[in-house]
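start_15.csv follows; it contains CSV, C-alpha atoms.
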chain,number,residue,atom,x,y,z
A,1,MET,CA,-1.2,35.3,-18.3
A,2,LYS,CA,1.5,34.7,-15.6
A,3,LYS,CA,4.2,37.4,-15.1
A,4,LYS,CA,6.8,34.6,-15.5
A,5,LEU,CA,5.8,34.3,-19.1
A,6,MET,CA,7.6,37.6,-19.8
A,7,ASP,CA,10.8,35.6,-19.6
A,8,ILE,CA,10.3,34.2,-23.0
A,9,LEU,CA,8.0,36.7,-24.8
A,10,ALA,CA,9.4,38.5,-27.7
A,11,CYS,CA,7.9,40.9,-30.3
A,12,PRO,CA,6.6,38.8,-33.2
A,13,ILE,CA,7.7,41.5,-35.6
A,14,ASP,CA,11.2,42.4,-34.7
A,15,LYS,CA,11.9,39.6,-32.2
A,16,PHE,CA,13.0,42.2,-29.6
A,17,TYR,CA,13.4,40.9,-26.1
A,18,PRO,CA,12.7,41.7,-23.2
A,19,LEU,CA,9.3,43.4,-23.6
A,20,GLU,CA,7.6,45.8,-21.2
A,21,LEU,CA,4.5,44.7,-19.3
A,22,TYR,CA,1.7,47.0,-18.0
A,23,VAL,CA,-0.8,45.4,-15.8
A,24,PHE,CA,-4.3,46.8,-15.7
A,25,GLU,CA,-6.3,44.1,-13.9
A,26,GLU,CA,-4.9,41.2,-12.0
A,27,LYS,CA,-6.4,38.3,-10.1
A,28,GLU,CA,-4.5,35.0,-9.9
A,29,GLU,CA,-3.1,35.9,-13.3
A,30,ILE,CA,-2.9,39.1,-15.3
A,31,VAL,CA,-6.5,39.5,-16.7
A,32,GLU,CA,-6.0,42.7,-18.7
A,33,GLY,CA,-2.8,44.4,-19.6
A,34,MET,CA,-0.5,45.5,-22.3
A,35,ILE,CA,2.8,44.2,-23.6
A,36,VAL,CA,4.9,46.8,-25.4
A,37,CYS,CA,7.9,46.4,-27.6
A,38,PRO,CA,10.2,49.3,-26.8
A,39,LYS,CA,12.1,48.9,-30.1
A,40,CYS,CA,9.2,49.3,-32.6
A,41,SER,CA,6.6,50.8,-30.3
A,42,ARG,CA,4.1,48.0,-31.1
A,43,TRP,CA,1.7,47.2,-28.3
A,44,TYR,CA,-0.1,43.9,-27.7
A,45,PRO,CA,-3.2,43.6,-25.6
A,46,ILE,CA,-3.7,41.0,-22.8
A,47,ARG,CA,-7.4,40.3,-22.8
A,48,GLU,CA,-9.2,37.7,-20.6
A,49,GLU,CA,-5.7,36.5,-19.5
A,50,ILE,CA,-4.5,35.8,-23.1
A,51,PRO,CA,-1.7,37.8,-24.6
A,52,GLU,CA,-2.7,38.6,-28.2
A,53,MET,CA,0.6,38.8,-30.1
A,54,LEU,CA,-0.6,38.9,-33.7
A,55,PRO,CA,1.1,40.7,-36.5
A,56,ASP,CA,-0.4,43.9,-37.8
A,57,GLU,CA,-2.4,42.4,-40.7
A,58,LEU,CA,-4.3,40.1,-38.4
A,59,ARG,CA,-5.4,43.0,-36.1
A,60,GLU,CA,-8.4,45.1,-36.6
A,61,GLU,CA,-8.8,48.8,-35.7
A,62,LYS,CA,-12.4,48.3,-34.5
A,63,ASP,CA,-11.3,45.7,-31.9
A,64,GLU,CA,-8.1,47.5,-30.8
A,65,LYS,CA,-9.0,51.2,-30.4
A,66,PRO,CA,-11.7,50.6,-27.8
A,67,PHE,CA,-9.0,48.8,-25.8
A,68,LEU,CA,-6.8,51.9,-25.9
A,69,GLN,CA,-9.8,54.0,-24.9
A,70,LYS,CA,-10.7,51.7,-22.0
A,71,TRP,CA,-7.3,51.8,-20.4
A,72,LYS,CA,-6.0,55.2,-21.5
A,73,GLU,CA,-5.4,56.4,-18.0
A,74,LYS,CA,-3.0,53.5,-17.5
A,75,ILE,CA,-1.3,53.4,-20.9
A,76,PRO,CA,1.9,55.3,-21.4
A,77,ILE,CA,1.4,58.5,-23.3
A,78,LYS,CA,3.9,57.5,-25.9
A,79,ILE,CA,1.8,54.5,-26.9
A,80,LEU,CA,-1.5,56.5,-26.9
A,81,ASN,CA,0.1,58.9,-29.3
A,82,GLU,CA,2.6,56.9,-31.3
A,83,GLY,CA,1.9,53.2,-30.6
A,84,LYS,CA,1.7,50.8,-33.5
A,85,PRO,CA,-0.3,49.5,-35.3
A,86,PHE,CA,-3.0,51.8,-33.8
A,87,ASN,CA,-3.0,54.8,-31.5
A,88,LEU,CA,-5.5,57.4,-30.4
A,89,LYS,CA,-3.9,60.2,-32.5
A,90,GLY,CA,-4.0,58.5,-35.9
B,91,MET,CA,22.4,61.5,-61.9
B,92,LYS,CA,20.7,58.3,-60.7
B,93,THR,CA,22.5,55.1,-61.6
B,94,TYR,CA,20.7,51.9,-62.2
B,95,SER,CA,22.0,48.4,-61.8
B,96,ILE,CA,21.2,46.3,-64.9
B,97,LYS,CA,18.3,44.6,-63.2
B,98,GLU,CA,16.7,47.8,-61.9
B,99,TRP,CA,17.2,49.5,-65.3
B,100,GLN,CA,15.6,46.7,-67.2
B,101,PHE,CA,12.7,46.5,-64.8
B,102,SER,CA,12.1,50.3,-64.8
B,103,ALA,CA,12.7,50.7,-68.5
B,104,TYR,CA,10.1,48.1,-69.4
B,105,GLY,CA,7.7,49.0,-66.6
B,106,PHE,CA,8.4,45.6,-65.0
B,107,GLY,CA,8.9,47.3,-61.6
B,108,ASN,CA,5.2,47.8,-61.3
B,109,LEU,CA,4.4,44.4,-62.6
B,110,MET,CA,6.7,42.8,-60.1
B,111,GLU,CA,5.1,44.8,-57.4
B,112,THR,CA,1.6,43.8,-58.6
B,113,SER,CA,2.6,40.1,-58.6
B,114,ASN,CA,4.0,40.4,-55.1
B,115,ARG,CA,0.8,42.1,-54.0
B,116,VAL,CA,-1.3,39.4,-55.6
B,117,ASP,CA,0.9,36.8,-53.9
B,118,LYS,CA,0.5,38.5,-50.5
B,119,MET,CA,-3.3,38.8,-51.0
B,120,LYS,CA,-3.5,35.1,-51.9
B,121,LYS,CA,-1.5,34.2,-48.7
B,122,GLU,CA,-3.7,36.5,-46.6
B,123,GLY,CA,-6.8,35.0,-48.2
B,124,ILE,CA,-5.7,31.5,-47.3
B,125,ARG,CA,-5.0,32.6,-43.7
B,126,GLU,CA,-8.4,34.1,-43.4
B,127,ILE,CA,-10.1,30.9,-44.7
B,128,VAL,CA,-8.1,28.8,-42.3
B,129,ARG,CA,-8.8,31.1,-39.3
B,130,LYS,CA,-12.6,31.2,-40.1
B,131,ARG,CA,-12.9,27.4,-40.5
B,132,TYR,CA,-11.0,26.6,-37.4
B,133,ALA,CA,-13.0,29.2,-35.5
B,134,GLU,CA,-16.1,27.3,-36.5
B,135,ILE,CA,-14.7,24.0,-35.5
B,136,ALA,CA,-13.7,25.5,-32.1
B,137,LYS,CA,-17.2,26.9,-31.5
B,138,ASP,CA,-18.9,23.8,-32.7
B,139,LYS,CA,-19.7,21.5,-29.8
B,140,SER,CA,-19.6,18.4,-32.0
B,141,SER,CA,-16.4,16.9,-33.1
B,142,CYS,CA,-14.7,18.0,-36.3
B,143,CYS,CA,-15.2,14.4,-37.5
B,144,ASP,CA,-18.7,15.4,-38.5
B,145,SER,CA,-17.3,17.7,-41.0
B,146,SER,CA,-15.6,17.0,-44.3
B,147,SER,CA,-13.5,20.2,-44.1
B,148,SER,CA,-11.4,19.2,-41.1
B,149,CYS,CA,-8.2,17.2,-41.1
B,150,CYS,CA,-9.7,13.9,-40.1
B,151,GLN,CA,-11.0,10.8,-41.6
B,152,SER,CA,-14.7,10.8,-42.3
B,153,THR,CA,-15.1,7.2,-41.3
B,154,CYS,CA,-14.6,7.6,-37.5
B,155,ASP,CA,-17.4,8.1,-35.1
B,156,THR,CA,-15.9,10.3,-32.4
B,157,SER,CA,-12.8,12.4,-31.8
B,158,ALA,CA,-11.6,9.8,-29.4
B,159,ASP,CA,-11.9,7.1,-32.0
B,160,TYR,CA,-10.1,9.2,-34.5
B,161,SER,CA,-7.3,10.1,-32.2
B,162,THR,CA,-6.6,6.5,-31.2
B,163,SER,CA,-6.5,5.7,-34.9
B,164,VAL,CA,-3.6,8.2,-35.4
B,165,GLY,CA,-1.5,7.2,-32.4
B,166,TYR,CA,-3.0,8.4,-29.1
B,167,ASN,CA,-3.7,5.7,-26.5
B,168,GLU,CA,-6.9,5.7,-24.5
B,169,GLU,CA,-5.0,6.3,-21.2
B,170,GLU,CA,-3.5,9.5,-22.6
B,171,LEU,CA,-6.9,10.7,-23.8
B,172,LYS,CA,-8.5,10.0,-20.4
B,173,ALA,CA,-5.8,12.1,-18.7
B,174,VAL,CA,-6.8,15.3,-20.4
B,175,PRO,CA,-10.0,17.3,-20.6
B,176,GLU,CA,-12.3,15.7,-23.2
B,177,ASP,CA,-12.9,19.0,-24.8
B,178,ALA,CA,-9.2,19.3,-25.7
B,179,ASN,CA,-9.5,16.6,-28.3
B,180,LEU,CA,-11.3,17.7,-31.4
B,181,GLY,CA,-9.7,15.0,-33.5
B,182,LEU,CA,-7.6,17.5,-35.5
B,183,GLY,CA,-4.2,15.9,-35.3
B,184,CYS,CA,-2.6,13.5,-37.7
B,185,GLY,CA,-0.2,11.8,-35.3
B,186,ASN,CA,0.9,11.9,-31.7
B,187,PRO,CA,4.2,13.8,-31.6
B,188,ILE,CA,4.3,13.8,-27.8
B,189,ALA,CA,4.4,10.0,-27.6
B,190,LEU,CA,7.6,10.0,-29.6
B,191,SER,CA,9.2,13.1,-28.0
B,192,SER,CA,11.1,11.7,-24.9
B,193,LEU,CA,10.2,14.8,-23.0
B,194,LYS,CA,12.0,15.3,-19.7
B,195,GLY,CA,10.9,17.0,-16.5
B,196,GLY,CA,11.6,20.7,-16.4
B,197,GLU,CA,11.7,21.2,-20.2
B,198,THR,CA,10.1,24.1,-22.1
B,199,VAL,CA,7.8,23.0,-24.9
B,200,LEU,CA,6.4,25.2,-27.7
B,201,ASP,CA,3.4,23.9,-29.6
B,202,LEU,CA,2.8,25.6,-33.0
B,203,GLY,CA,-1.0,25.7,-33.7
B,204,SER,CA,-2.1,24.4,-30.3
B,205,GLY,CA,-5.8,24.3,-31.2
B,206,PRO,CA,-7.9,23.1,-28.2
B,207,GLY,CA,-4.8,22.1,-26.3
B,208,LEU,CA,-4.6,18.3,-26.5
B,209,ASP,CA,-0.8,18.0,-27.2
B,210,CYS,CA,0.0,20.9,-24.8
B,211,PHE,CA,-1.8,19.0,-21.9
B,212,LEU,CA,-0.1,15.7,-22.8
B,213,ALA,CA,3.3,17.6,-22.8
B,214,ALA,CA,2.5,19.3,-19.6
B,215,ASN,CA,1.9,16.0,-17.8
B,216,LYS,CA,5.4,15.0,-19.0
B,217,VAL,CA,7.5,18.1,-18.2
B,218,GLY,CA,5.9,18.5,-14.8
B,219,GLN,CA,5.6,21.6,-12.6
B,220,ARG,CA,9.2,22.6,-13.2
B,221,GLY,CA,8.6,22.6,-17.0
B,222,LYS,CA,6.4,24.8,-19.1
B,223,VAL,CA,4.3,24.5,-22.2
B,224,ILE,CA,3.4,27.3,-24.5
B,225,GLY,CA,0.7,26.9,-27.1
B,226,VAL,CA,0.5,29.4,-30.0
B,227,ASP,CA,-2.6,29.6,-32.2
B,228,MET,CA,-3.9,32.3,-34.5
B,229,THR,CA,-7.6,31.5,-33.9
B,230,PRO,CA,-9.1,33.3,-30.9
B,231,GLU,CA,-11.9,30.7,-30.5
B,232,MET,CA,-9.3,27.9,-30.3
B,233,ILE,CA,-7.3,29.8,-27.7
B,234,ASP,CA,-10.4,30.4,-25.7
B,235,ARG,CA,-11.3,26.8,-25.8
B,236,ALA,CA,-7.8,25.8,-24.8
B,237,ARG,CA,-7.7,28.2,-21.9
B,238,ARG,CA,-11.0,26.8,-20.6
B,239,ASN,CA,-9.6,23.3,-20.8
B,240,ALA,CA,-6.5,24.4,-18.9
B,241,VAL,CA,-8.7,25.6,-16.1
B,242,LYS,CA,-10.8,22.5,-16.2
B,243,GLY,CA,-7.8,20.2,-16.0
B,244,ASN,CA,-6.0,22.5,-13.5
B,245,TYR,CA,-2.9,22.9,-15.6
B,246,LYS,CA,-0.6,25.4,-14.0
B,247,ASN,CA,2.3,24.9,-16.4
B,248,VAL,CA,0.6,25.6,-19.7
B,249,GLU,CA,0.1,29.0,-21.3
B,250,PHE,CA,-1.7,29.9,-24.5
B,251,ARG,CA,-1.2,32.9,-26.5
B,252,LEU,CA,-2.8,34.3,-29.7
B,253,GLY,CA,-0.1,34.5,-32.3
B,254,GLU,CA,1.0,33.4,-35.7
B,255,ILE,CA,3.4,30.6,-36.3
B,256,GLU,CA,5.1,32.6,-39.1
B,257,ASN,CA,5.8,35.4,-36.5
B,258,LEU,CA,6.3,33.6,-33.2
B,259,PRO,CA,6.1,35.9,-30.2
B,260,VAL,CA,8.9,33.9,-28.5
B,261,ALA,CA,12.4,35.0,-27.7
B,262,ASP,CA,15.4,33.4,-29.4
B,263,CYS,CA,16.8,30.1,-27.9
B,264,THR,CA,14.1,29.5,-25.3
B,265,ALA,CA,12.4,26.2,-26.2
B,266,ASP,CA,13.8,22.7,-25.6
B,267,ILE,CA,11.4,21.2,-28.0
B,268,VAL,CA,9.0,22.5,-30.7
B,269,ILE,CA,6.1,20.4,-31.5
B,270,SER,CA,3.3,20.8,-34.0
B,271,ASN,CA,0.5,18.5,-35.1
B,272,CYS,CA,-1.1,18.7,-38.5
B,273,VAL,CA,-0.8,22.5,-38.7
B,274,ILE,CA,2.2,23.6,-40.7
B,275,ASN,CA,0.6,22.3,-43.9
B,276,LEU,CA,-2.0,25.0,-43.5
B,277,SER,CA,0.7,27.7,-43.6
B,278,PRO,CA,1.2,29.4,-46.9
B,279,ASP,CA,4.8,30.2,-45.8
B,280,LYS,CA,6.3,27.0,-44.5
B,281,GLU,CA,9.9,28.2,-44.9
B,282,ARG,CA,9.2,31.0,-42.4
B,283,VAL,CA,7.5,28.7,-39.9
B,284,PHE,CA,10.5,26.4,-39.7
B,285,GLN,CA,12.9,29.4,-39.6
B,286,GLU,CA,10.9,30.7,-36.6
B,287,ALA,CA,10.9,27.3,-34.9
B,288,PHE,CA,14.7,27.1,-35.4
B,289,ARG,CA,15.1,30.6,-33.9
B,290,ALA,CA,12.9,29.8,-30.9
B,291,LEU,CA,14.8,26.6,-30.1
B,292,LYS,CA,17.8,26.4,-27.8
B,293,PRO,CA,21.0,24.9,-29.3
B,294,CYS,CA,20.5,21.1,-29.3
B,295,GLY,CA,16.7,21.7,-29.2
B,296,ARG,CA,14.5,19.2,-30.9
B,297,LEU,CA,11.8,19.6,-33.5
B,298,LEU,CA,9.0,17.0,-33.6
B,299,VAL,CA,6.3,17.6,-36.2
B,300,SER,CA,3.4,15.5,-37.3
B,301,ASP,CA,2.0,16.7,-40.6
B,302,ILE,CA,0.3,15.8,-43.9
B,303,VAL,CA,2.5,15.7,-47.0
B,304,LEU,CA,1.9,14.8,-50.6
B,305,LEU,CA,3.4,11.8,-52.3
B,306,ARG,CA,2.5,13.1,-55.7
B,307,GLU,CA,1.0,16.3,-57.2
B,308,LEU,CA,-2.7,16.8,-56.5
B,309,PRO,CA,-5.2,17.1,-59.3
B,310,LYS,CA,-5.7,20.8,-60.1
B,311,SER,CA,-9.4,20.6,-59.1
B,312,VAL,CA,-8.4,19.7,-55.6
B,313,LYS,CA,-5.4,22.0,-55.4
B,314,ASN,CA,-7.5,25.1,-56.1
B,315,ASP,CA,-10.2,24.2,-53.7
B,316,ALA,CA,-10.4,26.3,-50.5
B,317,GLN,CA,-12.2,23.5,-48.7
B,318,ALA,CA,-9.4,21.1,-49.6
B,319,TYR,CA,-7.0,23.7,-48.1
B,320,VAL,CA,-8.6,23.6,-44.7
B,321,ALA,CA,-8.8,19.8,-45.0
B,322,CYS,CA,-5.0,19.9,-45.0
B,323,VAL,CA,-4.3,18.6,-48.5
B,324,ALA,CA,-4.3,21.5,-50.9
B,325,GLY,CA,-1.7,23.4,-48.8
B,326,ALA,CA,0.4,20.4,-48.2
B,327,GLU,CA,3.9,20.2,-49.7
B,328,LYS,CA,5.5,17.2,-51.5
B,329,LYS,CA,7.3,15.1,-48.9
B,330,ASP,CA,10.8,15.7,-50.2
B,331,LYS,CA,10.3,19.4,-50.5
B,332,TYR,CA,8.9,19.5,-47.0
B,333,LEU,CA,12.0,17.8,-45.6
B,334,GLU,CA,14.2,20.1,-47.7
B,335,ILE,CA,12.5,23.2,-46.2
B,336,ILE,CA,13.3,21.8,-42.7
B,337,LYS,CA,17.0,21.3,-43.6
B,338,ASN,CA,17.2,24.7,-45.3
B,339,ALA,CA,16.0,26.3,-42.0
B,340,GLY,CA,19.2,25.0,-40.5
B,341,PHE,CA,18.1,21.8,-38.8
B,342,GLN,CA,20.2,18.6,-38.7
B,343,ASP,CA,19.4,14.9,-38.4
B,344,VAL,CA,16.1,15.4,-40.3
B,345,LYS,CA,14.3,12.1,-40.1
B,346,VAL,CA,10.9,10.7,-40.9
B,347,ILE,CA,10.3,8.5,-37.8
B,348,LYS,CA,6.8,7.4,-38.8
B,349,GLU,CA,4.8,7.4,-42.0
B,350,THR,CA,1.3,6.4,-42.8
B,351,GLN,CA,0.1,6.6,-46.4
B,352,PHE,CA,-3.6,6.9,-47.3
B,353,PRO,CA,-5.9,7.8,-50.1
B,354,ILE,CA,-7.0,11.3,-50.5
B,355,GLY,CA,-10.6,10.4,-49.7
B,356,ASP,CA,-9.6,9.8,-46.1
B,357,VAL,CA,-8.8,13.4,-45.5
B,358,CYS,CA,-11.5,15.1,-47.6
B,359,GLY,CA,-14.5,13.0,-48.5
B,360,ASP,CA,-16.5,15.5,-50.5
B,361,ILE,CA,-13.7,17.0,-52.4
B,362,ASP,CA,-12.4,13.6,-53.3
B,363,SER,CA,-15.6,12.5,-54.8
B,364,GLN,CA,-15.4,15.3,-57.3
B,365,GLY,CA,-11.7,15.8,-57.7
B,366,ALA,CA,-10.7,12.1,-57.9
B,367,GLN,CA,-13.5,11.4,-60.3
B,368,ARG,CA,-12.4,14.1,-62.6
B,369,THR,CA,-8.9,12.9,-62.4
B,370,SER,CA,-9.8,9.3,-63.1
B,371,LYS,CA,-11.5,10.4,-66.3
B,372,LYS,CA,-8.3,12.0,-67.4
B,373,GLY,CA,-6.6,8.7,-66.9
B,374,VAL,CA,-4.4,10.0,-64.0
B,375,GLN,CA,-3.9,7.4,-61.3
B,376,LYS,CA,-7.0,7.5,-59.1
B,377,GLU,CA,-6.9,8.4,-55.4
B,378,LYS,CA,-4.3,5.9,-54.3
B,379,ASN,CA,-1.5,7.1,-52.1
B,380,TYR,CA,-1.6,10.8,-52.8
B,381,VAL,CA,-1.2,11.7,-49.1
B,382,ALA,CA,0.9,10.6,-46.1
B,383,SER,CA,0.9,11.7,-42.5
B,384,ILE,CA,4.5,11.8,-41.3
B,385,ILE,CA,6.2,12.5,-38.0
B,386,VAL,CA,9.5,14.2,-38.6
B,387,SER,CA,12.2,14.8,-36.0
B,388,ALA,CA,15.2,17.2,-36.4
B,389,VAL,CA,17.7,18.9,-34.2
B,390,LYS,CA,19.1,22.4,-34.0
B,391,PRO,CA,22.9,22.1,-34.1
B,392,LYS,CA,24.8,22.9,-30.9
B,393,ASN,CA,27.3,25.2,-32.7
B,394,LEU,CA,26.0,27.5,-35.4

How would this structure read if it were set down as structure tokens?
Amino acid sequence: MKKKLMDILACPIDKFYPLELYVFEEKEEIVEGMIVCPKCSRWYPIREEIPEMLPDELREEKDEKPFLQKWKEKIPIKILNEGKPFNLKG
Amino acid sequence: MKTYSIKEWQFSAYGFGNLMETSNRVDKMKKEGIREIVRKRYAEIAKDKSSCCDSSSSCCQSTCDTSADYSTSVGYNEEELKAVPEDANLGLGCGNPIALSSLKGGETVLDLGSGPGLDCFLAANKVGQRGKVIGVDMTPEMIDRARRNAVKGNYKNVEFRLGEIENLPVADCTADIVISNCVINLSPDKERVFQEAFRALKPCGRLLVSDIVLLRELPKSVKNDAQAYVACVAGAEKKDKYLEIIKNAGFQDVKVIKETQFPIGDVCGDIDSQGAQRTSKKGVQKEKNYVASIIVSAVKPKNL
């Protein structure tokens, strides 16, 4: 994903804009990272350069929690504890 | 003391509240079930190296030999197809919205259900480096394939993201044009899709959608068939209802700019042989002109 894409990204749930971007790994484009909606505390992973902006019912805990574990040093504590739809506390 | 409105009182007094909830839940489960079926089927198509034309469960005619043959039959010219990575064409469309879109350099295009990326790449060639194209698809395998095609074709102005067209991850008023090719019929919530497209468009933004619609009610046997759903017929709306949904979302100048009618067998060979036979026994008109592919254009008004 290119950083410029953030210009038009909105939260699919509450349509909030602008969203926050956390970059974990970057080459020519952002390879791994996280997009966060500050309004509803939902987070969306960027994996293999693709932002995955699916609504809750199309996301699976078994795919998402390992992502939080993998990058927990770089993810804001608020998301680790209270992020939706999955966090490391719940 | 709690006061009830008449409606609430009636529902709670007769226990209809629960019933209503159950029916909403069933409705939701049904919608989610359909979504899963569609996701799975398109994931298979994306992973399959062969074209979808080998399969009766895709959107395309079973009579064509290759994806390229099929695509030229629905409105793509050979030159266009040569200009994009071959893998981007799985023969999944039912029209060529880009050809009719009058895209200008620098514009932002949003493709709903971008699949392996064919229309995105054609659009990218038209909007140039100053423009951008965003493809949204809910099938990870399709997004993966599209991304690889973007690399192969060296497209710098195309971005794909995993998302759902009923919940677009796009800010309000950002796209100059929203396109979609043979996808919205698969959505169990078409109203929502057009409302989202409307929201994402700039004022004066254009909608250009190619899709399958019904010209008459389908026989029940076909309508209840999950395979028919992924073959784009069981989920399709009647044409007038489809156009009404677009108008109700707020669009103006809703026009059918191209229409091709064909028998149901052209979109779903297997299902037709059972469904249409059963129907003909009942004396209902056989397979003629059940289905049409249409290209619809519409505009988001300047002043809301």

(Q) Should the cut-off be 10 Å, what would the residue list for chain A against chain B look like, counting all atoms listed in the file, as a PyMOL selection string? (A) chain A and resi 1-2+5-19+46+48-55+57-58

Q: Quote the spacing between CA of Ile336 (chain B) and CA of Lys392 (chain B) in Å to one decimal place.
A: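 We find that CA of Ile336 (chain B) and CA of Lys392 (chain B) lie 16.5 Å from each other.
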
What's the 7 Å shell around region 41-44 of chain A, counting only C-alpha atoms, without same-chain residues fewer than 6 positions away, as a PDB file with C-alpha atoms, keeping the file's coordinate frame?
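The resulting part-v8.pdb:
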ATOM      1  CA  MET A  34      -0.500  45.500 -22.300  1.00  0.00           C
ATOM      2  CA  ILE A  35       2.800  44.200 -23.600  1.00  0.00           C
ATOM      3  CA  GLU A  52      -2.700  38.600 -28.200  1.00  0.00           C
ATOM      4  CA  MET A  53       0.600  38.800 -30.100  1.00  0.00           C
ATOM      5  CA  ILE A  79       1.800  54.500 -26.900  1.00  0.00           C
ATOM      6  CA  GLY A  83       1.900  53.200 -30.600  1.00  0.00           C
ATOM      7  CA  LYS A  84       1.700  50.800 -33.500  1.00  0.00           C
ATOM      8  CA  PRO A  85      -0.300  49.500 -35.300  1.00  0.00           C
TER       9      PRO A  85
END

Q: Report the distance between CA of Lys348 (chain B) and CA of Phe211 (chain B) in Å, rounded to one decimal place.
A: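 That distance, rounded to one decimal, is 22.2 Å.
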
(Q) Give me, as a PyMOL selection string, all polymer residues having an atom no more than 9 Å from region 177-185 of chain B, counting only C-alpha atoms and skipping those fewer than 3 positions away in the same chain. (A) chain B and resi 135-136+139-143+148-150+156-161+163-166+171+174+188+205-209+211+235-236+239-240+271-273+299-302+348+383-385

With C-alpha atoms retained, export the selected residues as a PDB file, keeping the file's coordinate frame.
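See again-v8.pdb below for the written result:
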ATOM      1  CA  ILE B 135     -14.700  24.000 -35.500  1.00  0.00           C
ATOM      2  CA  ALA B 136     -13.700  25.500 -32.100  1.00  0.00           C
ATOM      3  CA  LYS B 139     -19.700  21.500 -29.800  1.00  0.00           C
ATOM      4  CA  SER B 140     -19.600  18.400 -32.000  1.00  0.00           C
ATOM      5  CA  SER B 141     -16.400  16.900 -33.100  1.00  0.00           C
ATOM      6  CA  CYS B 142     -14.700  18.000 -36.300  1.00  0.00           C
ATOM      7  CA  CYS B 143     -15.200  14.400 -37.500  1.00  0.00           C
ATOM      8  CA  SER B 148     -11.400  19.200 -41.100  1.00  0.00           C
ATOM      9  CA  CYS B 149      -8.200  17.200 -41.100  1.00  0.00           C
ATOM     10  CA  CYS B 150      -9.700  13.900 -40.100  1.00  0.00           C
ATOM     11  CA  THR B 156     -15.900  10.300 -32.400  1.00  0.00           C
ATOM     12  CA  SER B 157     -12.800  12.400 -31.800  1.00  0.00           C
ATOM     13  CA  ALA B 158     -11.600   9.800 -29.400  1.00  0.00           C
ATOM     14  CA  ASP B 159     -11.900   7.100 -32.000  1.00  0.00           C
ATOM     15  CA  TYR B 160     -10.100   9.200 -34.500  1.00  0.00           C
ATOM     16  CA  SER B 161      -7.300  10.100 -32.200  1.00  0.00           C
ATOM     17  CA  SER B 163      -6.500   5.700 -34.900  1.00  0.00           C
ATOM     18  CA  VAL B 164      -3.600   8.200 -35.400  1.00  0.00           C
ATOM     19  CA  GLY B 165      -1.500   7.200 -32.400  1.00  0.00           C
ATOM     20  CA  TYR B 166      -3.000   8.400 -29.100  1.00  0.00           C
ATOM     21  CA  LEU B 171      -6.900  10.700 -23.800  1.00  0.00           C
ATOM     22  CA  VAL B 174      -6.800  15.300 -20.400  1.00  0.00           C
ATOM     23  CA  ILE B 188       4.300  13.800 -27.800  1.00  0.00           C
ATOM     24  CA  GLY B 205      -5.800  24.300 -31.200  1.00  0.00           C
ATOM     25  CA  PRO B 206      -7.900  23.100 -28.200  1.00  0.00           C
ATOM     26  CA  GLY B 207      -4.800  22.100 -26.300  1.00  0.00           C
ATOM     27  CA  LEU B 208      -4.600  18.300 -26.500  1.00  0.00           C
ATOM     28  CA  ASP B 209      -0.800  18.000 -27.200  1.00  0.00           C
ATOM     29  CA  PHE B 211      -1.800  19.000 -21.900  1.00  0.00           C
ATOM     30  CA  ARG B 235     -11.300  26.800 -25.800  1.00  0.00           C
ATOM     31  CA  ALA B 236      -7.800  25.800 -24.800  1.00  0.00           C
ATOM     32  CA  ASN B 239      -9.600  23.300 -20.800  1.00  0.00           C
ATOM     33  CA  ALA B 240      -6.500  24.400 -18.900  1.00  0.00           C
ATOM     34  CA  ASN B 271       0.500  18.500 -35.100  1.00  0.00           C
ATOM     35  CA  CYS B 272      -1.100  18.700 -38.500  1.00  0.00           C
ATOM     36  CA  VAL B 273      -0.800  22.500 -38.700  1.00  0.00           C
ATOM     37  CA  VAL B 299       6.300  17.600 -36.200  1.00  0.00           C
ATOM     38  CA  SER B 300       3.400  15.500 -37.300  1.00  0.00           C
ATOM     39  CA  ASP B 301       2.000  16.700 -40.600  1.00  0.00           C
ATOM     40  CA  ILE B 302       0.300  15.800 -43.900  1.00  0.00           C
ATOM     41  CA  LYS B 348       6.800   7.400 -38.800  1.00  0.00           C
ATOM     42  CA  SER B 383       0.900  11.700 -42.500  1.00  0.00           C
ATOM     43  CA  ILE B 384       4.500  11.800 -41.300  1.00  0.00           C
ATOM     44  CA  ILE B 385       6.200  12.500 -38.000  1.00  0.00           C
TER      45      ILE B 385
END

Q) Can you tell me how far CA of Glu169 (chain B) sits from CA of Leu193 (chain B), in Å to one decimal? A)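 These atoms are spaced 17.5 Å apart.
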
Q. Got a sec to check which residues sit within 8 Å of (13.9, 18.9, -15.3), counting only C-alpha atoms, and write them as a list in words?
A. Lys194, Gly195, Gly196, Glu197, Val217, Arg220 and Gly221 of chain B

Expected answer as an mmCIF file with C-alpha atoms, in the coordinates of the input: all residues with atoms within 10 Å of (-4.5, 58.3, -31.9), only C-alpha atoms:
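Resulting contents of part-v7.cif:
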data_model
loop_
_atom_site.group_PDB
_atom_site.id
_atom_site.type_symbol
_atom_site.label_atom_id
_atom_site.label_comp_id
_atom_site.auth_asym_id
_atom_site.auth_seq_id
_atom_site.Cartn_x
_atom_site.Cartn_y
_atom_site.Cartn_z
ATOM 1 C CA LYS A 65 -9.000 51.200 -30.400
ATOM 2 C CA LEU A 68 -6.800 51.900 -25.900
ATOM 3 C CA GLN A 69 -9.800 54.000 -24.900
ATOM 4 C CA ILE A 79 1.800 54.500 -26.900
ATOM 5 C CA LEU A 80 -1.500 56.500 -26.900
ATOM 6 C CA ASN A 81 0.100 58.900 -29.300
ATOM 7 C CA GLU A 82 2.600 56.900 -31.300
ATOM 8 C CA GLY A 83 1.900 53.200 -30.600
ATOM 9 C CA LYS A 84 1.700 50.800 -33.500
ATOM 10 C CA PHE A 86 -3.000 51.800 -33.800
ATOM 11 C CA ASN A 87 -3.000 54.800 -31.500
ATOM 12 C CA LEU A 88 -5.500 57.400 -30.400
ATOM 13 C CA LYS A 89 -3.900 60.200 -32.500
ATOM 14 C CA GLY A 90 -4.000 58.500 -35.900
#
